[in-house]
Amino acid sequence: MKLKCNLLFGIFASLLTLTTYAEDVDLNQLLPTPPCYEKGRLGGSDSCSPLVHTEWLNQINNYKEDFKKRVGYDDSRYNVTKLQWAQTSYIQPQMMVQDRYFYDPVHNKYTVDRYLNDLNKRYGGIDAVLIWAPYPNMGVDDRNEIDMVKSMPGGIEGVKKMVADFHKHGVRVFFPIMPWDRGTRPPKKPWEDAIAEFMKEIDADGINGDTMLGVPLSYVEAAEKIGHTLAFQSEGTTPDGWLAWNIMGWGQYFYGPNAYQFAPKVDRFKWVEPRHGVNISDRWRHRKTDNLHFAFFNGVGWESWENVWGIWNGITPYDAESTRRMATLERGVAKFLISPGWEPLYPTKHYGVFASRWPLGKETVWTIVNRNDSLVRGEQLSIPAIPGMTYYDLYHGVQILPMRQGKNDLLSFNIEATGFGAILATPYQPDFNMQKLMTVMKTMTAAPLSSFSKKWKILPQTMVDNPPTKPAIQAPEGMIKIPSPKMPYTFIVHGIEAEGFINQIDGIEEPVDVQYPWENRPQRKHKHLIDIKSFYMDKTPVTNAQFKKFMDATHYHPSDDRNFLKDWQSGAYPADWDNKPVTWVSIEDARAYAKWAGKRLPHEWEWQYAAQGTDINTFVYPWGHDANPNVVPVVQKTRTLTVPPDDVGIHPDGASPFGILDMVGNVWQWTDEFFDEHTRAAILRGGNYYQPQGSHWYFPQAYKNDEHGKLLLMAPSYDRSATIGFRCVQDAAN
């Protein structure tokens, strides 16, 4: 989910009346709060006088009414029975399909139970999941966003069963749509209809609009037309009039100059429509306290996004336990958190403690956050006294005995440093569910939050072993000797991923790329001196004819055979394709061929040395310093890939210093594989001849010798591509 632009759909006219506070609406959908709540001011919320609070409530209530009149607001979609679950969908991870907790590539099976068990153990489970299949691999060939899902193991039937497994656990399932995917294979019908029909076929529950400031109404109508009601969730700040059918959305509050200020702000869509489902999303931040505080204060949820494009930004034990407590409370008082009588910034007694009041009938719940780094003890809330009213500290699971102060009941309780609080006022005996909630919370909060570690850790990566071959005494057929350099080779390369640069919040570069054995963490830029022993390399990529010999000799058939040699028919490649590079082979298929041939896949630095030689300044490309479209295949920019790769060897002027051909621009080539506990990825070298147009979010090209592509791996069916081939190396006898 990549918010490319943060457009402001007008300056909200009615909010201009909030000039008392000299602040307009943030670009990230938050309403302003009175400056008397700012950090550093003395006193608690008492320093904001009752008059200031009343005036502010009047103004935001006026804004709400003006909003509804201005857009002709229709709340009918929030009344749809099939969509009621969306109002209480508090915890929703964005999950990469490559996550090894979700799919086991060794045993070729989905492991939904393992995935959910891990989340339940670490932070209390989830309500929905956003299953992410297209980006960042999409664009490596002409498969569109639907095709990428269909390429998942088991195809449509496998995906349907996987969705059903989530449903068995009560977890709703979302898939994304990409408005920027207009450069790959077009569907045979309008995107709205194609998406709706596919979601119905796999029984998905919702759609997340990637990069979209609201999903257009046409998508809703297409789904309703075929009788499959979907919840639509926007990534960006939804245009006001679209709130009626975008019943869910993200809160990306980290945008804008006033993001995550000391006093939590009010989500304006939740304010206008208390049933609007919000999931706060802040994928790169390493500490999630701000996210969770703003969520609990607003009575909304959180996008627990840890696997960010194959990078593991795992939450700390402290944030995991905070999530467990927050989500348990929200689920337990869910009916209150959609109250039209919500009163944010209900007065509290201590500096840095902020509360929201949620009345429902004769009962009321308060959600409270402590923005201080220290424990706050004693008097917290003053509430108009009502005969027969009893009070419960839901966070600690105990009853509170109030102290009468004039006409008010004064409630005293403790709130942990950067912690949470929740109070129930009721004239009734708590029902079974409320008693159960308090029992759970009493046990859960027995250990203080401070006992959980706040230390964030980078997940280290390991490179898959690539054992040496039997040394060759002389050049095998079709191979060229690459002599060992006289001096250690200066291996300089960088990843060209579209995201994952310097984290402005935490001040470090995100570990977006890979971690070589000599490095202590994954990183984007790499430089290392390497002693390279001499080896032989295939002069050209492996061809269809060569792969056919392997198939005939071994009768090789992968256990996951979806998309295997997809462009072959009945075990034979198309006529006149003898000398074209074989494609639609996974890295496992390529290794099987290499083993049969007595070879192996090249290490990436071997591939780069063979393409570059030791003169790294002259050989920016295999043929020299400057780009030259005349020595590589013609780039294909059509949406559908109808032209196969060029025959190998027909671009001799593109040869490397060692005479190796087709290093760049024909097909990508498999090299090394890396993995961590959650993700696998392979390094692709050389780029290809297919370049979908219209978006920089497609899988980027890497034509230069110091660039590489990182392809996230899920399973052979998903990893195989029309534009990925390979070449082999064999170690040389010294």
# chains A, B, ... in the order shown; residues from 1 in each chain; ligands from 1
$ select_by_dssp --residues "segment 641-690 of chain A" --states "strand (DSSP E)" --output "list of chain:residue names"
A:Trp668, A:Gln669, A:Trp670, A:Thr671, A:Asp672, A:Glu673, A:Phe674, A:Phe675, A:Arg680, A:Ala681, A:Ala682, A:Ile683, A:Leu684, A:Arg685
$ select_by_dssp --residues "segment 495-591 of chain A" --states "helix (DSSP H, G or I)" --output "JSON, numbers by chain"
{"A": [544, 545, 546, 547, 548, 549, 550, 551, 552, 553, 554, 587, 588, 589, 590, 591]}
$ closest_atom_pairs --of "segment 539-595 of chain A" --to "segment 656-675 of chain A" --cutoff "7 Å" --atoms "only C-alpha atoms" --output "CSV"
residue,atom,partner,partner_atom,distance
A:Lys539,CA,A:Ile660,CA,4.8
A:Thr540,CA,A:Leu661,CA,5.4
A:Ile587,CA,A:Trp670,CA,6.4
$ write_last_selection --atoms "N, CA and C atoms" --output "short mmCIF file (atom, residue, chain, number, x, y, z; two decimals), in the first residue's frame"
data_model
loop_
_atom_site.label_atom_id
_atom_site.label_comp_id
_atom_site.auth_asym_id
_atom_site.auth_seq_id
_atom_site.Cartn_x
_atom_site.Cartn_y
_atom_site.Cartn_z
N LYS A 539 27.73 -19.49 -22.30
CA LYS A 539 27.86 -18.31 -23.16
C LYS A 539 26.53 -17.61 -23.32
N THR A 540 25.45 -18.38 -23.32
CA THR A 540 24.10 -17.83 -23.47
C THR A 540 23.18 -18.45 -22.43
N ILE A 587 13.08 -21.20 -9.82
CA ILE A 587 14.47 -21.37 -9.41
C ILE A 587 14.74 -22.84 -9.06
#
$ residues_around --residues "Gln474 of chain A" --least-positions-apart "6" --cutoff "10 Å" --atoms "only C-alpha atoms" --output "PyMOL selection string"
chain A and resi 480-481+536+732-733
$ closest_residue --among "A:Arg680, A:Arg371, A:Lys288, A:Lys533" --to "Gly421 of chain A" --atoms "only C-alpha atoms"
A:Arg371
$ closest_atom_pairs --of "segment 430-486 of chain A" --to "segment 392-406 of chain A" --cutoff "9 Å" --atoms "only C-alpha atoms" --output "tab-separated table"
residue	atom	partner	partner_atom	distance
A:Met434	CA	A:Leu394	CA	8.7
A:Gln435	CA	A:Gly397	CA	8.3
A:Leu437	CA	A:Gly397	CA	7.5
A:Met438	CA	A:Gly397	CA	3.9
A:Thr439	CA	A:Gly397	CA	5.9
A:Val440	CA	A:Gly397	CA	7.6
A:Met441	CA	A:Gly397	CA	5.5
A:Lys442	CA	A:Gly397	CA	4.5
A:Thr443	CA	A:Gly397	CA	8.2
A:Met444	CA	A:His396	CA	8.3
A:Thr445	CA	A:His396	CA	6.1
A:Ala446	CA	A:His396	CA	8.0
$ residues_around --residues "Leu375 of chain A" --least-positions-apart "3" --cutoff "8 Å" --atoms "only C-alpha atoms" --output "list of chain:residue names"
A:Asn372, A:Asn414, A:Ile415, A:Glu416, A:Ala417, A:Thr418
$ closest_residue --among "A:Pro476, A:Pro645, A:Gly214, A:Gly686" --to "Asp578 of chain A" --atoms "only C-alpha atoms"
A:Pro645
$ residues_around --residues "His228 of chain A" --least-positions-apart "6" --cutoff "9 Å" --atoms "only C-alpha atoms" --output "list in words"
Ala196, Glu197, Met199, Lys200, Asp203, Asp205 and Ala222 of chain A
$ write_last_selection --atoms "all heavy atoms" --output "PDB file, in the first residue's frame"
ATOM      1  N   ALA A 196     -15.258  -7.917  -9.413  1.00  0.00           N
ATOM      2  CA  ALA A 196     -16.425  -8.402  -8.666  1.00  0.00           C
ATOM      3  C   ALA A 196     -16.635  -9.896  -8.877  1.00  0.00           C
ATOM      4  O   ALA A 196     -16.874 -10.654  -7.925  1.00  0.00           O
ATOM      5  CB  ALA A 196     -17.667  -7.614  -9.075  1.00  0.00           C
ATOM      6  N   GLU A 197     -16.553 -10.347 -10.123  1.00  0.00           N
ATOM      7  CA  GLU A 197     -16.777 -11.760 -10.419  1.00  0.00           C
ATOM      8  C   GLU A 197     -15.697 -12.645  -9.795  1.00  0.00           C
ATOM      9  O   GLU A 197     -15.983 -13.742  -9.289  1.00  0.00           O
ATOM     10  CB  GLU A 197     -16.838 -11.957 -11.932  1.00  0.00           C
ATOM     11  CG  GLU A 197     -18.085 -11.335 -12.558  1.00  0.00           C
ATOM     12  CD  GLU A 197     -18.083 -11.409 -14.075  1.00  0.00           C
ATOM     13  OE1 GLU A 197     -17.211 -12.130 -14.628  1.00  0.00           O
ATOM     14  OE2 GLU A 197     -18.932 -10.756 -14.706  1.00  0.00           O
ATOM     15  N   MET A 199     -13.884 -11.918  -7.078  1.00  0.00           N
ATOM     16  CA  MET A 199     -14.083 -11.931  -5.625  1.00  0.00           C
ATOM     17  C   MET A 199     -15.227 -12.865  -5.235  1.00  0.00           C
ATOM     18  O   MET A 199     -15.174 -13.540  -4.206  1.00  0.00           O
ATOM     19  CB  MET A 199     -14.359 -10.520  -5.115  1.00  0.00           C
ATOM     20  CG  MET A 199     -13.194  -9.541  -5.233  1.00  0.00           C
ATOM     21  SD  MET A 199     -11.711 -10.043  -4.302  1.00  0.00           S
ATOM     22  CE  MET A 199     -10.657 -10.668  -5.642  1.00  0.00           C
ATOM     23  N   LYS A 200     -16.251 -12.903  -6.051  1.00  0.00           N
ATOM     24  CA  LYS A 200     -17.354 -13.829  -5.768  1.00  0.00           C
ATOM     25  C   LYS A 200     -16.888 -15.266  -5.927  1.00  0.00           C
ATOM     26  O   LYS A 200     -17.248 -16.137  -5.108  1.00  0.00           O
ATOM     27  CB  LYS A 200     -18.526 -13.553  -6.713  1.00  0.00           C
ATOM     28  CG  LYS A 200     -19.723 -14.455  -6.456  1.00  0.00           C
ATOM     29  CD  LYS A 200     -20.908 -14.104  -7.348  1.00  0.00           C
ATOM     30  CE  LYS A 200     -22.109 -14.989  -7.043  1.00  0.00           C
ATOM     31  NZ  LYS A 200     -23.297 -14.638  -7.868  1.00  0.00           N
ATOM     32  N   ASP A 203     -14.921 -16.110  -2.962  1.00  0.00           N
ATOM     33  CA  ASP A 203     -15.669 -15.812  -1.742  1.00  0.00           C
ATOM     34  C   ASP A 203     -14.924 -14.855  -0.818  1.00  0.00           C
ATOM     35  O   ASP A 203     -14.922 -15.014   0.413  1.00  0.00           O
ATOM     36  CB  ASP A 203     -16.016 -17.096  -0.979  1.00  0.00           C
ATOM     37  CG  ASP A 203     -17.143 -16.872   0.039  1.00  0.00           C
ATOM     38  OD1 ASP A 203     -17.949 -15.943  -0.173  1.00  0.00           O
ATOM     39  OD2 ASP A 203     -17.197 -17.602   1.040  1.00  0.00           O
ATOM     40  N   ASP A 205     -14.320 -11.177   1.088  1.00  0.00           N
ATOM     41  CA  ASP A 205     -15.251 -10.330   1.837  1.00  0.00           C
ATOM     42  C   ASP A 205     -15.097  -8.849   1.536  1.00  0.00           C
ATOM     43  O   ASP A 205     -16.034  -8.079   1.772  1.00  0.00           O
ATOM     44  CB  ASP A 205     -15.033 -10.528   3.335  1.00  0.00           C
ATOM     45  CG  ASP A 205     -15.217 -11.969   3.758  1.00  0.00           C
ATOM     46  OD1 ASP A 205     -16.372 -12.418   3.822  1.00  0.00           O
ATOM     47  OD2 ASP A 205     -14.202 -12.648   4.012  1.00  0.00           O
ATOM     48  N   ALA A 222     -21.006  -3.029  -9.294  1.00  0.00           N
ATOM     49  CA  ALA A 222     -20.681  -4.268 -10.012  1.00  0.00           C
ATOM     50  C   ALA A 222     -20.816  -5.480  -9.096  1.00  0.00           C
ATOM     51  O   ALA A 222     -21.303  -6.537  -9.514  1.00  0.00           O
ATOM     52  CB  ALA A 222     -19.264  -4.181 -10.581  1.00  0.00           C
TER      53      ALA A 222
END
$ atom_distance --atom1 "atom CA of Glu499 of chain A" --atom2 "atom CA of Gly709 of chain A"
12.9 Å
$ closest_residue --among "A:Val542, A:Leu30, A:Val80, A:Ile202" --to "Glu157 of chain A" --atoms "only C-alpha atoms"
A:Ile202
$ residues_around --residues "Glu588 of chain A" --least-positions-apart "6" --cutoff "10 Å" --atoms "only C-alpha atoms" --output "ChimeraX atom specification"
/A:558,594,670,715-716,719-720
$ write_last_selection --atoms "N, CA and C atoms" --output "compact mmCIF listing (two decimals), in the first residue's frame"
# COMPACT_ATOMS: atom_id res chain seq x y z
N PRO A 558 7.90 -31.29 -11.76
CA PRO A 558 7.85 -30.69 -10.42
C PRO A 558 6.54 -31.03 -9.71
N ALA A 594 20.46 -27.67 -13.68
CA ALA A 594 21.89 -27.47 -13.45
C ALA A 594 22.52 -28.71 -12.83
N TRP A 670 18.10 -16.26 -13.02
CA TRP A 670 18.17 -16.62 -11.61
C TRP A 670 19.61 -16.65 -11.12
N ALA A 715 6.01 -19.74 -4.27
CA ALA A 715 5.93 -21.14 -4.68
C ALA A 715 6.23 -21.17 -6.17
N PRO A 716 6.69 -22.30 -6.69
CA PRO A 716 7.03 -22.36 -8.12
C PRO A 716 5.93 -21.86 -9.04
N ASP A 719 6.12 -18.14 -8.86
CA ASP A 719 7.42 -17.55 -9.19
C ASP A 719 7.76 -17.65 -10.67
N ARG A 720 7.25 -18.67 -11.34
CA ARG A 720 7.58 -18.83 -12.76
C ARG A 720 7.06 -17.65 -13.57
$ closest_residue --among "A:Asp552, A:Glu273, A:Asp319, A:Asp142" --to "Ile247 of chain A" --atoms "only C-alpha atoms"
A:Glu273
$ atom_distance --atom1 "atom CA of Gly277 of chain A" --atom2 "atom CA of Val300 of chain A"
6.6 Å
$ atom_distance --atom1 "atom CA of Asn144 of chain A" --atom2 "atom CA of Arg639 of chain A"
9.5 Å
$ closest_residue --among "A:Ser356, A:Asn544, A:Thr614, A:Ser559" --to "Val648 of chain A" --atoms "only C-alpha atoms"
A:Asn544
$ closest_residue --among "A:Gly170, A:Val106, A:Arg143, A:Gly206" --to "Ala86 of chain A" --atoms "only C-alpha atoms"
A:Gly206
$ residues_around --residues "Lys637 of chain A" --least-positions-apart "2" --cutoff "12 Å" --atoms "only C-alpha atoms" --output "ChimeraX atom specification"
/A:139,141-142,182-185,634-635,639-643,688-694
